[in-house]
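A.B. asks: File name data_7.csv; file contents CSV, C-alpha atoms and all ligand atoms; full text below.
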```csv
chain,number,residue,atom,x,y,z
A,66,MET,CA,-24.9,4.9,-4.2
A,67,SER,CA,-25.4,5.3,-7.9
A,68,ASP,CA,-22.5,5.7,-10.4
A,69,ALA,CA,-23.2,9.4,-10.6
A,70,GLY,CA,-23.5,9.5,-6.8
A,71,MET,CA,-20.0,8.2,-6.6
A,72,GLY,CA,-18.8,10.8,-9.1
A,73,ILE,CA,-18.4,8.3,-12.0
A,74,THR,CA,-19.5,10.4,-14.9
A,75,ASN,CA,-19.8,9.5,-18.6
A,76,ALA,CA,-16.8,11.8,-19.2
A,77,LEU,CA,-14.7,9.8,-16.8
A,78,THR,CA,-15.7,6.5,-18.2
A,79,SER,CA,-15.0,7.5,-21.8
A,80,VAL,CA,-11.5,8.7,-20.8
A,81,LEU,CA,-10.9,5.5,-19.0
A,82,ARG,CA,-12.2,3.4,-22.0
A,83,GLY,CA,-9.8,5.3,-24.2
A,84,ALA,CA,-6.8,5.2,-21.8
A,85,ARG,CA,-3.6,3.5,-23.1
A,86,GLY,CA,-1.8,3.7,-19.8
A,87,VAL,CA,-3.2,3.6,-16.3
A,88,THR,CA,-1.1,3.9,-13.2
A,89,VAL,CA,-2.6,3.2,-9.8
A,90,LEU,CA,-1.3,4.1,-6.3
A,91,THR,CA,-2.9,2.3,-3.4
A,92,GLY,CA,-2.7,2.8,0.3
A,93,SER,CA,-4.0,1.0,3.3
A,94,GLY,CA,-7.6,2.1,2.6
A,95,VAL,CA,-7.8,-0.6,-0.1
A,96,SER,CA,-7.2,-3.3,2.5
A,97,ALA,CA,-9.5,-1.8,5.1
A,98,GLU,CA,-12.5,-3.9,3.8
A,99,SER,CA,-10.3,-7.0,4.1
A,100,GLY,CA,-10.1,-6.4,7.8
A,101,VAL,CA,-6.5,-5.0,7.8
A,102,PRO,CA,-6.5,-1.8,9.9
A,103,THR,CA,-5.3,1.3,8.1
A,104,PHE,CA,-2.4,3.3,9.6
A,105,ARG,CA,-4.9,6.0,10.7
A,106,ASP,CA,-7.2,3.4,12.4
A,107,ALA,CA,-6.7,3.2,16.1
A,108,GLN,CA,-4.8,0.1,17.0
A,109,THR,CA,-6.5,-2.4,19.2
A,110,GLY,CA,-5.6,-4.4,22.3
A,111,LEU,CA,-2.0,-4.4,23.4
A,112,TRP,CA,-1.1,-2.1,20.6
A,113,ALA,CA,-3.7,0.6,21.4
A,114,ARG,CA,-1.1,2.7,23.2
A,115,TYR,CA,1.4,2.8,20.4
A,116,GLU,CA,1.4,5.0,17.3
A,117,PRO,CA,2.3,3.0,14.1
A,118,GLN,CA,4.6,5.8,12.9
A,119,GLU,CA,6.6,5.4,16.1
A,120,LEU,CA,6.9,1.6,15.8
A,121,ALA,CA,7.7,1.5,12.1
A,122,THR,CA,11.2,3.1,12.5
A,123,PRO,CA,14.8,1.8,12.8
A,124,GLU,CA,15.0,3.7,16.1
A,125,ALA,CA,12.1,1.7,17.6
A,126,PHE,CA,13.7,-1.5,16.5
A,127,GLU,CA,17.1,-0.4,17.9
A,128,ARG,CA,15.5,0.5,21.2
A,129,ASP,CA,13.2,-2.5,21.6
A,130,PRO,CA,13.6,-5.2,18.9
A,131,ARG,CA,11.3,-7.6,20.8
A,132,LEU,CA,8.4,-5.1,20.9
A,133,VAL,CA,8.7,-4.2,17.2
A,134,TRP,CA,9.1,-7.8,16.1
A,135,GLU,CA,6.0,-8.8,18.1
A,136,TRP,CA,4.0,-5.9,16.6
A,137,TYR,CA,4.9,-7.2,13.2
A,138,GLN,CA,3.9,-10.8,14.2
A,139,TRP,CA,0.5,-9.4,15.3
A,140,ARG,CA,0.1,-7.6,12.0
A,141,ARG,CA,1.3,-10.7,10.0
A,142,ASP,CA,-1.5,-12.8,11.7
A,143,LEU,CA,-4.1,-10.2,10.7
A,144,VAL,CA,-2.8,-10.3,7.1
A,145,ARG,CA,-2.8,-14.1,7.1
A,146,GLN,CA,-6.5,-14.1,8.0
A,147,ALA,CA,-7.3,-11.4,5.5
A,148,GLU,CA,-8.7,-12.1,2.0
A,149,PRO,CA,-8.6,-9.8,-1.0
A,150,ASN,CA,-11.8,-7.8,-1.3
A,151,PRO,CA,-13.8,-6.6,-4.3
A,152,GLY,CA,-11.6,-3.5,-4.5
A,153,HIS,CA,-8.5,-5.7,-5.0
A,154,ARG,CA,-10.3,-7.8,-7.5
A,155,ALA,CA,-11.6,-4.8,-9.5
A,156,LEU,CA,-7.9,-3.7,-9.9
A,157,VAL,CA,-7.1,-7.2,-11.3
A,158,GLU,CA,-9.9,-6.7,-13.9
A,159,PHE,CA,-8.7,-3.2,-14.6
A,160,GLU,CA,-5.2,-4.5,-15.4
A,161,ARG,CA,-6.6,-7.0,-17.9
A,162,ARG,CA,-8.6,-4.3,-19.7
A,163,VAL,CA,-5.9,-1.6,-20.1
A,164,PRO,CA,-3.0,-1.9,-22.5
A,165,THR,CA,-0.4,-0.6,-20.1
A,166,PHE,CA,-1.2,-0.9,-16.4
A,167,LEU,CA,1.0,-0.5,-13.3
A,168,LEU,CA,0.0,-0.8,-9.7
A,169,ALA,CA,2.3,0.9,-7.1
A,170,THR,CA,1.2,0.0,-3.6
A,171,GLN,CA,2.2,1.4,-0.2
A,172,ASN,CA,0.7,-1.6,1.4
A,173,VAL,CA,2.9,-4.3,2.8
A,174,ASP,CA,0.2,-7.0,3.1
A,175,GLY,CA,0.7,-8.7,-0.4
A,176,LEU,CA,-3.1,-8.7,-1.0
A,177,HIS,CA,-2.9,-7.2,-4.5
A,178,ARG,CA,-0.7,-10.1,-5.7
A,179,ARG,CA,-2.9,-12.6,-3.8
A,180,ALA,CA,-5.9,-11.1,-5.7
A,181,GLY,CA,-4.2,-11.7,-9.0
A,182,SER,CA,-2.6,-8.3,-9.9
A,183,GLU,CA,0.6,-8.9,-11.8
A,184,ASN,CA,2.4,-5.7,-12.5
A,185,VAL,CA,2.7,-4.6,-8.9
A,186,LEU,CA,5.4,-2.5,-7.3
A,187,GLU,CA,5.6,-2.9,-3.5
A,188,LEU,CA,7.0,0.6,-2.6
A,189,HIS,CA,7.3,-0.2,1.1
A,190,GLY,CA,8.2,-3.9,1.0
A,191,ASN,CA,6.3,-6.9,2.2
A,192,ILE,CA,5.4,-7.7,5.8
A,193,MET,CA,5.5,-11.5,5.2
A,194,ARG,CA,9.2,-11.4,4.3
A,195,SER,CA,12.1,-11.0,6.8
A,196,LYS,CA,15.6,-9.8,6.2
A,197,CYS,CA,18.8,-9.6,8.2
A,198,SER,CA,19.0,-6.3,10.1
A,199,VAL,CA,22.7,-6.1,9.5
A,200,GLU,CA,23.4,-7.7,6.1
A,201,GLY,CA,20.0,-6.5,4.6
A,202,VAL,CA,19.7,-9.8,2.7
A,203,GLU,CA,16.3,-11.6,2.7
A,204,ALA,CA,16.4,-14.4,5.4
A,205,GLU,CA,13.9,-16.4,7.4
A,206,PRO,CA,14.2,-17.8,10.9
A,207,ARG,CA,15.6,-21.3,11.3
A,208,THR,CA,12.8,-23.8,11.6
A,209,GLY,CA,11.6,-24.0,15.2
A,210,ASP,CA,13.6,-21.0,16.3
A,211,GLU,CA,11.1,-19.2,18.6
A,212,SER,CA,13.5,-16.5,19.8
A,213,VAL,CA,12.2,-12.9,19.6
A,214,PRO,CA,13.4,-11.5,17.3
A,215,PRO,CA,15.0,-14.6,15.7
A,216,PRO,CA,18.7,-14.5,14.7
A,217,CYS,CA,19.8,-14.3,11.1
A,218,PRO,CA,20.9,-17.9,10.1
A,219,GLY,CA,23.8,-16.4,8.3
A,220,CYS,CA,25.4,-13.9,10.8
A,221,GLY,CA,23.3,-14.2,14.0
A,222,ALA,CA,22.2,-10.5,14.0
A,223,PHE,CA,18.4,-9.9,14.6
A,224,LEU,CA,16.1,-10.6,11.7
A,225,ARG,CA,13.6,-7.7,10.9
A,226,PRO,CA,10.5,-7.4,8.6
A,227,ASP,CA,11.4,-6.7,5.0
A,228,VAL,CA,9.6,-3.3,5.0
A,229,VAL,CA,10.7,0.3,4.5
A,230,TRP,CA,10.5,2.1,7.8
A,231,PHE,CA,10.1,5.8,8.3
A,232,GLY,CA,13.4,7.5,7.7
A,233,GLU,CA,14.6,4.7,5.4
A,234,ALA,CA,14.9,5.1,1.6
A,235,LEU,CA,12.5,3.2,-0.7
A,236,PRO,CA,14.2,0.7,-3.0
A,237,GLU,CA,15.7,3.0,-5.7
A,238,ASP,CA,14.8,0.8,-8.6
A,239,VAL,CA,11.2,0.3,-7.4
A,240,PHE,CA,10.5,4.0,-6.8
A,241,ALA,CA,12.2,4.9,-10.2
A,242,ALA,CA,9.8,2.4,-11.9
A,243,ALA,CA,6.8,3.9,-10.1
A,244,SER,CA,7.9,7.4,-11.1
A,245,GLU,CA,8.3,6.5,-14.7
A,246,ALA,CA,4.9,4.9,-14.7
A,247,ALA,CA,3.4,8.1,-13.2
A,248,ARG,CA,5.1,10.2,-15.9
A,249,ASN,CA,3.9,8.0,-18.7
A,250,CYS,CA,0.2,7.3,-18.1
A,251,ASP,CA,-3.0,8.9,-19.4
A,252,VAL,CA,-4.8,8.3,-16.1
A,253,PHE,CA,-3.4,8.1,-12.5
A,254,LEU,CA,-5.7,6.6,-9.9
A,255,SER,CA,-5.0,7.2,-6.2
A,256,VAL,CA,-7.0,4.8,-4.1
A,257,GLY,CA,-7.3,4.5,-0.3
A,258,THR,CA,-4.4,6.7,0.7
A,259,SER,CA,-4.2,9.7,3.0
A,260,SER,CA,-1.6,11.1,0.6
A,261,LEU,CA,0.6,12.1,3.5
A,262,VAL,CA,3.5,9.7,3.3
A,263,TYR,CA,6.4,10.7,0.9
A,264,PRO,CA,7.9,10.1,-1.5
A,265,ALA,CA,4.9,7.8,-2.5
A,266,ALA,CA,2.5,10.8,-2.1
A,267,SER,CA,4.6,12.7,-4.8
A,268,LEU,CA,3.6,10.3,-7.5
A,269,PRO,CA,0.1,11.7,-8.3
A,270,SER,CA,1.4,15.3,-8.8
A,271,GLU,CA,4.3,13.8,-10.9
A,272,ALA,CA,1.6,12.2,-13.1
A,273,ALA,CA,-0.5,15.4,-13.3
A,274,ARG,CA,2.6,17.4,-14.3
A,275,SER,CA,3.1,15.0,-17.2
A,276,GLY,CA,-0.5,15.6,-18.3
A,277,ALA,CA,-2.3,12.6,-16.8
A,278,MET,CA,-5.9,12.8,-15.6
A,279,LEU,CA,-5.9,12.5,-11.8
A,280,VAL,CA,-8.7,10.4,-10.2
A,281,GLU,CA,-9.0,9.9,-6.4
A,282,VAL,CA,-11.0,7.2,-4.7
A,283,ASN,CA,-11.4,7.8,-1.0
A,284,PRO,CA,-14.2,8.2,1.5
A,285,ASP,CA,-12.5,11.2,2.9
A,286,ASP,CA,-10.8,14.4,1.7
A,287,THR,CA,-7.0,14.3,1.5
A,288,PRO,CA,-4.3,16.8,0.5
A,289,LEU,CA,-4.6,15.4,-3.1
A,290,THR,CA,-8.4,16.1,-3.4
A,291,PRO,CA,-8.1,19.7,-4.5
A,292,HIS,CA,-5.8,18.6,-7.3
A,293,ALA,CA,-7.8,15.7,-8.6
A,294,ASP,CA,-9.7,15.9,-11.8
A,295,TYR,CA,-12.3,13.5,-10.4
A,296,THR,CA,-13.0,12.7,-6.8
A,297,LEU,CA,-14.9,9.4,-6.3
A,298,ARG,CA,-16.2,9.6,-2.7
A,299,GLY,CA,-16.6,6.1,-1.3
A,300,ARG,CA,-14.9,2.9,-0.3
A,301,ALA,CA,-12.6,1.1,-2.7
A,302,GLY,CA,-14.6,-2.1,-2.4
A,303,GLU,CA,-17.7,-0.3,-3.7
A,304,VAL,CA,-16.4,2.3,-6.1
A,305,LEU,CA,-13.8,0.3,-8.0
A,306,PRO,CA,-16.1,-2.5,-9.1
A,307,VAL,CA,-18.6,0.1,-10.5
A,308,LEU,CA,-15.7,1.9,-12.2
A,309,VAL,CA,-14.5,-1.3,-13.9
A,310,ASP,CA,-18.1,-2.2,-14.8
A,311,ALA,CA,-18.3,1.1,-16.7
A,312,LEU,CA,-15.3,0.0,-18.7
A,313,ARG,CA,-17.2,-3.2,-19.7
A,314,THR,CA,-20.6,-1.7,-20.8
A,315,PRO,CA,-20.1,-0.4,-24.4
B,1,LIG,C1,12.2,8.5,3.1
B,1,LIG,C2,5.9,0.2,5.8
B,1,LIG,C3,14.3,9.4,3.0
B,1,LIG,C4,6.2,-0.1,7.2
B,1,LIG,C5,5.5,2.6,5.6
B,1,LIG,C6,9.4,14.4,1.9
B,1,LIG,C7,10.2,13.6,1.1
B,1,LIG,C8,10.7,12.4,1.5
B,1,LIG,C9,10.4,12.0,2.8
B,1,LIG,C10,9.7,12.7,3.7
B,1,LIG,C11,9.1,13.9,3.2
B,1,LIG,N1,8.4,14.5,4.3
B,1,LIG,C12,8.5,13.6,5.3
B,1,LIG,C13,9.2,12.6,5.0
B,1,LIG,C14,9.5,11.5,5.9
B,1,LIG,C15,8.5,10.3,5.8
B,1,LIG,C16,7.1,10.8,5.7
B,1,LIG,O1,6.6,10.9,4.6
B,1,LIG,N2,6.5,11.1,6.8
B,1,LIG,C17,5.1,11.5,6.8
B,1,LIG,C18,4.4,10.9,8.0
B,1,LIG,C19,5.1,13.0,6.8
B,1,LIG,N3,8.8,9.5,4.7
B,1,LIG,C20,9.7,8.5,4.9
B,1,LIG,O2,10.3,8.3,6.0
B,1,LIG,C21,10.0,7.6,3.8
B,1,LIG,N4,11.5,7.5,3.6
B,1,LIG,O3,11.7,9.4,2.5
B,1,LIG,O4,13.5,8.4,3.4
B,1,LIG,C22,15.6,8.9,2.8
B,1,LIG,C23,16.2,9.1,1.5
B,1,LIG,C24,17.5,8.6,1.4
B,1,LIG,C25,18.2,7.9,2.4
B,1,LIG,C26,17.5,7.7,3.6
B,1,LIG,C27,16.3,8.2,3.8
B,1,LIG,C28,9.6,6.2,4.0
B,1,LIG,C29,8.1,6.1,4.1
B,1,LIG,C30,7.6,4.7,4.2
B,1,LIG,C31,7.3,4.3,5.6
B,1,LIG,N5,6.7,2.9,5.7
B,1,LIG,N6,5.0,1.4,5.6
B,1,LIG,C32,4.9,-0.7,7.9
B,1,LIG,O5,3.9,-0.8,7.2
B,1,LIG,O6,5.0,-1.1,9.0
B,1,LIG,S1,4.4,3.9,5.5
B,1,LIG,C33,2.8,3.3,6.0
B,1,LIG,O7,2.1,4.4,6.4
B,1,LIG,C34,2.1,2.7,4.9
B,1,LIG,O8,2.8,1.8,4.1
B,1,LIG,C35,1.5,3.8,4.2
B,1,LIG,O9,2.3,4.2,3.2
B,1,LIG,C36,1.4,4.9,5.3
B,1,LIG,C37,0.0,5.1,5.7
B,1,LIG,O10,-0.5,5.8,4.6
B,1,LIG,P1,-1.9,5.2,3.9
B,1,LIG,O11,-1.6,4.0,3.2
B,1,LIG,O12,-2.4,6.4,3.2
B,1,LIG,O13,-2.8,4.9,5.1
B,1,LIG,P2,-3.6,5.9,6.1
B,1,LIG,O14,-4.0,5.1,7.2
B,1,LIG,O15,-2.7,7.1,6.3
B,1,LIG,O16,-4.8,6.4,5.2
B,1,LIG,C38,-5.8,5.5,4.8
B,1,LIG,C39,-6.7,6.2,3.8
B,1,LIG,O17,-7.6,5.3,3.3
B,1,LIG,C40,-7.4,7.3,4.4
B,1,LIG,O18,-7.4,8.4,3.5
B,1,LIG,C41,-8.8,6.8,4.6
B,1,LIG,O19,-9.8,7.8,4.4
B,1,LIG,C42,-8.9,5.8,3.4
B,1,LIG,N7,-9.8,4.7,3.6
B,1,LIG,C43,-10.3,4.2,4.7
B,1,LIG,N8,-11.1,3.1,4.4
B,1,LIG,C44,-11.2,3.1,3.0
B,1,LIG,C45,-10.3,4.1,2.5
B,1,LIG,N9,-10.2,4.3,1.2
B,1,LIG,C46,-10.8,3.4,0.4
B,1,LIG,N10,-11.6,2.4,0.8
B,1,LIG,C47,-11.8,2.2,2.1
B,1,LIG,N11,-12.6,1.2,2.5
```
Can I see the file as structure tokens?
C.D. replies:
Amino acid sequence: MSDAGMGITNALTSVLRGARGVTVLTGSGVSAESGVPTFRDAQTGLWARYEPQELATPEAFERDPRLVWEWYQWRRDLVRQAEPNPGHRALVEFERRVPTFLLATQNVDGLHRRAGSENVLELHGNIMRSKCSVEGVEAEPRTGDESVPPPCPGCGAFLRPDVVWFGEALPEDVFAAASEAARNCDVFLSVGTSSLVYPAASLPSEAARSGAMLVEVNPDDTPLTPHADYTLRGRAGEVLPVLVDALRTP
């Protein structure tokens, strides 16, 4: 698809070239081309009969800690096998070309940092870290402890993944920093998210209210689409490299 076919116009590229501050929000669509299923993708195998929204909750962990821990182990294995894709790498290049750049991700797979992005806020935590389900402190299983879930080495309570579940508050300082970056940017890029999960999904409108230009990169329409100044229809791994390329060519 050509640049114009993706919706990358000269007007957009000239705004991006002149942008002082760019804030990006990513969702699981950015990791889809790395082989990490999105939340909307049907789950496979043993997990096909479960809805992610049902498993990613404190209630599910309370009810069946073993099931939830095993679901996260399955996802951790997928993430370990995944590699950053051209979409992740284009955002690394973007960060190097823009004076003030912040990447707020809803993803818990750590792929942005593995690709080389530096100014990253993990709004929903990181699936590769564990924490004590009672003390809330970061903790890892004792070496060789195969119990499911493993006990916290400190207090013996179950360990849980260090992610924000539905019904849990996002880390206050992290979300405050993301909000501030949304309010203080010239361009806000929303990439690979269904824009359904709050409060992360409130960031683009917060940016627009502060005068930022809103750009959405997504193969599908989302509730954000009608409010975007530019809609780039396509996959992150295809669109973002072309967008960054446009920044290069004088
Ligand atoms: C909270 C970690 C309050 C766990 C996740 C209004 C205000 C505040 C809260 C709410 C509200 N309304 C409702 C709520 C409750 C809830 C919520 O938003 N529910 C939704 C379902 C309506 N929010 C919460 O519970 C939040 N907590 O508000 O707490 C509070 C306050 C004080 C004290 C106590 C409580 C917590 C939300 C975080 C939940 N945790 N993840 C884990 O991963 O296991 S959310 C999880 O789902 C992901 O992190 C992600 O954020 C979300 C899925 O969204 P997407 O990333 O967008 O993925 P999705 O699959 O939906 O879409 C993929 C998109 O990519 C699609 O558009 C697709 O077209 C596109 N795509 C596909 N391929 C590609 C692509 N795009 C580009 N390239 C491709 N190749």
A.B. asks: Which residues are near ligand LIG 1 (chain B) - at most 6 Å, using all atoms listed in the file? Format: as number ranges by chain.
C.D. replies: A: 92-95, 97-98, 103-105, 121, 171-173, 189, 228-234, 257-264, 283-285, 300-301
A.B. asks: Looking at A:Thr165, A:Gln108, A:Ser267, A:Ser198, which one is nearest to A:Pro123, with distances taken over all atoms listed in the file?
C.D. replies: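 Checking each of A:Thr165, A:Gln108, A:Ser267, A:Ser198 against A:Pro123, counting all atoms listed in the file, the winner is A:Ser198.
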A.B. asks: Quick check, in Å to one decimal: how far apart do atom CA of A:Gly221 and atom CA of A:Glu127 lie?
C.D. replies: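 Computed distance, atom CA of A:Gly221 to atom CA of A:Glu127, equals 15.6 Å.
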A.B. asks: Kindly give the distance, in Å, that separates atom CA of A:Pro206 and atom CA of A:Thr122, rounded to a single decimal.
C.D. replies: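 For atom CA of A:Pro206 relative to atom CA of A:Thr122, the distance reads 21.2 Å.
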A.B. asks: Using all atoms listed in the file, which of the listed residues (A:Gly86, A:Pro214, A:Gly299, A:Pro130) sits closest to A:Arg161?
C.D. replies: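 The shortest atom-to-atom distance to A:Arg161 comes from A:Gly86.
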A.B. asks: Looking at A:Ala265, A:Ala222, A:Leu308, A:Leu176, which one is nearest to A:Pro236, with distances taken over all atoms listed in the file?
C.D. replies: A:Ala265
A.B. asks: Counting only C-alpha atoms, which residue out of A:Ala147, A:Met278, A:Leu224, A:Leu188 sits closest to A:Glu203?
C.D. replies: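 Checking each candidate against A:Glu203, we get A:Leu224 as the closest.
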A.B. asks: Tell me which of A:Ala293, A:Val163, A:Ala246, A:Val239 sits closest to A:Ser275, counting only C-alpha atoms.
C.D. replies: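 Among A:Ala293, A:Val163, A:Ala246, A:Val239, it is A:Ala246 that comes nearest to A:Ser275.
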A.B. asks: Which residue out of A:Leu167, A:Val304, A:Ala266, A:Val252 has the minimum interatomic distance to A:Arg82 when all atoms listed in the file are used?
C.D. replies: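 Closest to A:Arg82, using all atoms listed in the file: A:Val252.
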A.B. asks: One number please: atom CA of A:Ala125 to atom CA of A:Thr109, in Å, one decimal.
C.D. replies: 19.1 Å
A.B. asks: So that all listed atoms of stretch 232-246 of chain A fit with 8 Å spare on each side, what axis-aligned box centre and edge lengths in Å, to one decimal, would you give as JSON?
C.D. replies:
```
{"center_x": 10.3, "center_y": 3.9, "center_z": -3.5, "size_x": 26.8, "size_y": 23.2, "size_z": 38.4}
```
A.B. asks: Got a sec: who's within 12 Å of A:Arg298, counting all atoms listed in the file, leaving out chain neighbours fewer than 4 positions off, as a VMD selection string?
C.D. replies: chain A and resid 66 to 73 255 to 257 280 to 287 290 293 302 to 305
A.B. asks: Selected residues, C-alpha atoms, written as a tab-separated table (two decimals), keeping the file's coordinate frame, please.
C.D. replies:
```
chain	number	residue	atom	x	y	z
A	66	MET	CA	-24.90	4.90	-4.20
A	67	SER	CA	-25.40	5.30	-7.90
A	68	ASP	CA	-22.50	5.70	-10.40
A	69	ALA	CA	-23.20	9.40	-10.60
A	70	GLY	CA	-23.50	9.50	-6.80
A	71	MET	CA	-20.00	8.20	-6.60
A	72	GLY	CA	-18.80	10.80	-9.10
A	73	ILE	CA	-18.40	8.30	-12.00
A	255	SER	CA	-5.00	7.20	-6.20
A	256	VAL	CA	-7.00	4.80	-4.10
A	257	GLY	CA	-7.30	4.50	-0.30
A	280	VAL	CA	-8.70	10.40	-10.20
A	281	GLU	CA	-9.00	9.90	-6.40
A	282	VAL	CA	-11.00	7.20	-4.70
A	283	ASN	CA	-11.40	7.80	-1.00
A	284	PRO	CA	-14.20	8.20	1.50
A	285	ASP	CA	-12.50	11.20	2.90
A	286	ASP	CA	-10.80	14.40	1.70
A	287	THR	CA	-7.00	14.30	1.50
A	290	THR	CA	-8.40	16.10	-3.40
A	293	ALA	CA	-7.80	15.70	-8.60
A	302	GLY	CA	-14.60	-2.10	-2.40
A	303	GLU	CA	-17.70	-0.30	-3.70
A	304	VAL	CA	-16.40	2.30	-6.10
A	305	LEU	CA	-13.80	0.30	-8.00
```
A.B. asks: So that I can see what lies close to A:Val87, please list as a PyMOL selection string the residues with an atom at most 12 Å from it, counting all atoms listed in the file and leaving out residues fewer than 2 positions away in the same chain.
C.D. replies: chain A and resi 80-85+89-90+156+159-169+184+243+245-255+269+272+277-280
A.B. asks: Taking 5 positions as the minimum chain separation for residues in the same chain, which residues sit within 12 Å of A:Asp142 when counting all atoms listed in the file? Answer as an MDAnalysis selection string.
C.D. replies: chainID A and resid 100:101 135:137 147 174 192:193
A.B. asks: Please provide the set of residues having any atom within 12 Å of A:Phe223, restricted to all atoms listed in the file, with same-chain residues fewer than 6 positions apart removed, written as a PyMOL selection string.
C.D. replies: chain A and resi 126-127+129-131+133-134+195-202+204-206+212-217
A.B. asks: Export, as a JSON list (two decimals), in the coordinates of the input, the selected residues with C-alpha atoms.
C.D. replies:
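Saved the output as out_1.json:
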```
[["chain", "number", "residue", "atom", "x", "y", "z"],
["A", 126, "PHE", "CA", 13.70, -1.50, 16.50],
["A", 127, "GLU", "CA", 17.10, -0.40, 17.90],
["A", 129, "ASP", "CA", 13.20, -2.50, 21.60],
["A", 130, "PRO", "CA", 13.60, -5.20, 18.90],
["A", 131, "ARG", "CA", 11.30, -7.60, 20.80],
["A", 133, "VAL", "CA", 8.70, -4.20, 17.20],
["A", 134, "TRP", "CA", 9.10, -7.80, 16.10],
["A", 195, "SER", "CA", 12.10, -11.00, 6.80],
["A", 196, "LYS", "CA", 15.60, -9.80, 6.20],
["A", 197, "CYS", "CA", 18.80, -9.60, 8.20],
["A", 198, "SER", "CA", 19.00, -6.30, 10.10],
["A", 199, "VAL", "CA", 22.70, -6.10, 9.50],
["A", 200, "GLU", "CA", 23.40, -7.70, 6.10],
["A", 201, "GLY", "CA", 20.00, -6.50, 4.60],
["A", 202, "VAL", "CA", 19.70, -9.80, 2.70],
["A", 204, "ALA", "CA", 16.40, -14.40, 5.40],
["A", 205, "GLU", "CA", 13.90, -16.40, 7.40],
["A", 206, "PRO", "CA", 14.20, -17.80, 10.90],
["A", 212, "SER", "CA", 13.50, -16.50, 19.80],
["A", 213, "VAL", "CA", 12.20, -12.90, 19.60],
["A", 214, "PRO", "CA", 13.40, -11.50, 17.30],
["A", 215, "PRO", "CA", 15.00, -14.60, 15.70],
["A", 216, "PRO", "CA", 18.70, -14.50, 14.70],
["A", 217, "CYS", "CA", 19.80, -14.30, 11.10]]
```
A.B. asks: Write out N, CA and C atoms for stretch 143-156 of chain A, as a compact mmCIF listing (two decimals), keeping the file's coordinate frame.
C.D. replies:
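Saved file part.txt follows:
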```
# COMPACT_ATOMS: atom_id res chain seq x y z
N LEU A 143 -2.88 -10.84 11.28
CA LEU A 143 -4.10 -10.20 10.70
C LEU A 143 -4.05 -10.37 9.18
N VAL A 144 -2.88 -10.21 8.58
CA VAL A 144 -2.80 -10.30 7.10
C VAL A 144 -3.06 -11.74 6.66
N ARG A 145 -2.56 -12.73 7.44
CA ARG A 145 -2.80 -14.10 7.10
C ARG A 145 -4.29 -14.45 7.03
N GLN A 146 -5.04 -13.82 7.97
CA GLN A 146 -6.50 -14.10 8.00
C GLN A 146 -7.28 -13.28 7.01
N ALA A 147 -6.61 -12.30 6.40
CA ALA A 147 -7.30 -11.40 5.50
C ALA A 147 -7.44 -12.03 4.10
N GLU A 148 -8.51 -11.68 3.42
CA GLU A 148 -8.70 -12.10 2.00
C GLU A 148 -8.80 -10.87 1.14
N PRO A 149 -8.36 -10.95 -0.11
CA PRO A 149 -8.60 -9.80 -1.00
C PRO A 149 -10.06 -9.47 -1.07
N ASN A 150 -10.38 -8.19 -1.22
CA ASN A 150 -11.80 -7.80 -1.30
C ASN A 150 -12.16 -7.31 -2.68
N PRO A 151 -13.42 -6.96 -2.93
CA PRO A 151 -13.80 -6.60 -4.30
C PRO A 151 -12.99 -5.41 -4.89
N GLY A 152 -12.43 -4.60 -4.01
CA GLY A 152 -11.60 -3.50 -4.50
C GLY A 152 -10.30 -4.05 -5.13
N HIS A 153 -9.67 -5.02 -4.44
CA HIS A 153 -8.50 -5.70 -5.00
C HIS A 153 -8.81 -6.36 -6.31
N ARG A 154 -9.96 -7.05 -6.30
CA ARG A 154 -10.30 -7.80 -7.50
C ARG A 154 -10.65 -6.94 -8.69
N ALA A 155 -11.24 -5.78 -8.41
CA ALA A 155 -11.60 -4.80 -9.50
C ALA A 155 -10.28 -4.35 -10.15
N LEU A 156 -9.22 -4.18 -9.35
CA LEU A 156 -7.90 -3.70 -9.90
C LEU A 156 -7.30 -4.80 -10.78
```
